[in-house]
Amino acid sequence: MTAPLDGFPVHAADVLGLALLFIAPLTLAGIALVNAGLGRSRSAAQSLLGSLTLVAVSAIAFAAVGSVVATGPGYTLEFAGRSWNVMGGGSFLLLHLRDTPVGVQSRLFFEFLALALCVLIPWGSGTDRWRLAGGCAGATIVGGIVFPLLTHWTWNNGWLAQLGANFGLGMGFLEPGGAATVHALGGLSALALVWILGPRKGKFPKEGLATAMPAHNATYVLIGCLIATAGWLAWNGAGALICLHADAASLPVTAINTLLSAAAALVTTFVVTRARFGKPDASLCANGWLAGLVTSTACAAIVNPPEALLTGAVAGFITPLLVEVMELALSIDDPAGAITAHGVGGLWGLLAAGIFAPQPGQFLAQVVGIATLLGLLFPLLYLLFAVVNRIVPFRVEPDGERLGMDLHELGGGAYPEFVLHRDDSYR
Amino acid sequence: MKTVGLLLMPAGFFLLLAALVLFPAPPLRGIFAACGLAVELLGFGVAIRGHLEQRRGEEISSGRKEAGR
């Protein structure tokens, strides 16, 4: 079914993809709620306002600068007898957007949403200590430079997408739902950020184990997971249509795989935390559910239901153990567990897509994509964040951290009628 | 130490790219690519170790400041 619109045919798949993209922002709402809930009550308003602000700033940075790098036919380097499409060459400030086909516009809208989710991931890790101004600076870096580069390489026929044509590696680097561009990149930027910010005050005392700083509102966290799931189902469907050019008939399987992956991850995390602590842990279970969803962004459109169950179960097994290792052994203070749920979950999903994809060489293509994220983009992110941190300090002053981000940055708390508990770590 | 680790990671990445360009045959290409990935992971491990040492140094210096007061 096609109908002409301003000279361009509109395919049924375009309309369906757009409809799914309009539901996909529920993912953003869910993750924002999870981030706010996992932080402390005295930073809840700053966390939610920060989510909105970061989405806004990153969207402007992407429209102004990032889209030039991400879209367009691009600049190709000739090296070792092969062409490497390394950078796009789109129009500044999307000036010629109206002159492009609907499919291209939908893809760009998908990229805007992907970026919005990508910048929310490190925001959760920096909660209770990352200033709004610093968050905006970080979002500008991600939205203006790093995300557009990776988006061009993977979704806009860049060198990673062409690994199949150039080197005979399956279908090239596959990541239809943003496992690399959104989750792995977001998780790695969270790690770079946490290294620069340092832990929350009182988190790692000089003697003894790390202090437990539990989520202030488990209800936000768990409802956030449910809201994110609704968005995720649409997101993976849209990704399959837009990035893989899949048939609409494949959407039900993609949705079922998404749900199965999350379900297997939750059940595994539930069992692991029950075995380790005697009772299931709500915030770790939420992280497990999210890790399953993250894994599905790479696999749901490619694998069969039993494989979706297996990949989800592995993600659910890794998540609670790695959260513990990061906190206790590696001194990494990640309140949202984003490095594990999004970063490691995304990388595992990408690898699993390579394991289960039927095309020969697909596994190596996925490994090259993972190596690009780890070996090239992570050091680049750390370097850029470290430089920007010198200009716009990321971390709040000690007094601000003691007062809470709400009072310090916004002048008022999220729960003005509640009595806040005294913080024992400041005695 | 963290900087050394972060520099080692791109080195591993370029090693992996070299594997794609230099070895068209799958077994050699796979082995060389695995070596590239191993160098990356080694760099990541060194960076993590550097982070831990940095944290320990910060704790010692903050302890000295408190003792000075």
# chains A, B, ... in the order shown; residues from 1 in each chain; ligands from 1
call {"tool": "select_by_dssp", "arguments": {"residues": "stretch 10-181 of chain A", "states": "strand (DSSP E or B)", "output": "number ranges by chain"}}
result
A: 10-11, 75-79, 82-87, 130
call {"tool": "closest_atom_pairs", "arguments": {"of": "chain B", "to": "chain A", "cutoff": "9 Å", "atoms": "only C-alpha atoms", "output": "CSV"}}
result
residue,atom,partner,partner_atom,distance
B:Leu6,CA,A:Pro379,CA,5.6
B:Leu7,CA,A:Pro379,CA,7.5
B:Leu8,CA,A:Gly375,CA,8.2
B:Met9,CA,A:Gly375,CA,4.5
B:Pro10,CA,A:Gly375,CA,4.6
B:Ala11,CA,A:Gly375,CA,7.6
B:Gly12,CA,A:Gly375,CA,6.7
B:Phe13,CA,A:Gly375,CA,5.2
B:Phe14,CA,A:Gly375,CA,8.5
B:Leu16,CA,A:Val368,CA,7.3
B:Leu17,CA,A:Val368,CA,7.9
B:Leu20,CA,A:Phe167,CA,7.1
B:Val21,CA,A:Ala80,CA,6.7
B:Leu22,CA,A:Ala80,CA,8.7
B:Pro24,CA,A:Phe167,CA,7.7
B:Pro26,CA,A:Gly361,CA,8.3
B:Gly30,CA,A:Leu364,CA,7.4
B:Ala33,CA,A:Val368,CA,8.2
B:Ala34,CA,A:Val367,CA,8.9
B:Gly36,CA,A:Ala371,CA,8.5
B:Leu37,CA,A:Ala371,CA,6.4
B:Glu40,CA,A:Gly375,CA,5.8
B:Leu41,CA,A:Leu374,CA,8.4
B:Gly43,CA,A:Gly375,CA,8.6
B:Phe44,CA,A:Leu374,CA,8.3
B:Ile48,CA,A:Leu330,CA,7.4
B:Arg49,CA,A:Leu330,CA,8.4
B:His51,CA,A:Trp195,CA,7.2
B:Leu52,CA,A:Leu330,CA,6.6
B:Arg55,CA,A:Ser331,CA,7.9
B:Glu59,CA,A:Lys206,CA,6.9
B:Ile60,CA,A:Lys206,CA,8.8
B:Gly63,CA,A:Lys206,CA,8.4
call {"tool": "residues_around", "arguments": {"residues": "A:Leu309", "least_positions_apart": "6", "cutoff": "6 Å", "atoms": "only C-alpha atoms", "output": "list in words"}}
result
Leu260, Ser261 and Ala264 of chain A
call {"tool": "write_last_selection", "arguments": {"atoms": "C-alpha atoms", "output": "compact mmCIF listing (two decimals), in the first residue's frame"}}
result
# COMPACT_ATOMS: atom_id res chain seq x y z
CA LEU A 260 10.55 -13.42 27.06
CA SER A 261 14.02 -11.94 27.38
CA ALA A 264 13.81 -14.80 31.89
call {"tool": "atom_distance", "arguments": {"atom1": "atom CA of A:Gly177", "atom2": "atom CA of A:Pro335"}}
result
25.1 Å
call {"tool": "atom_distance", "arguments": {"atom1": "atom CA of A:Gly178", "atom2": "atom CA of A:Gly143"}}
result
14.7 Å
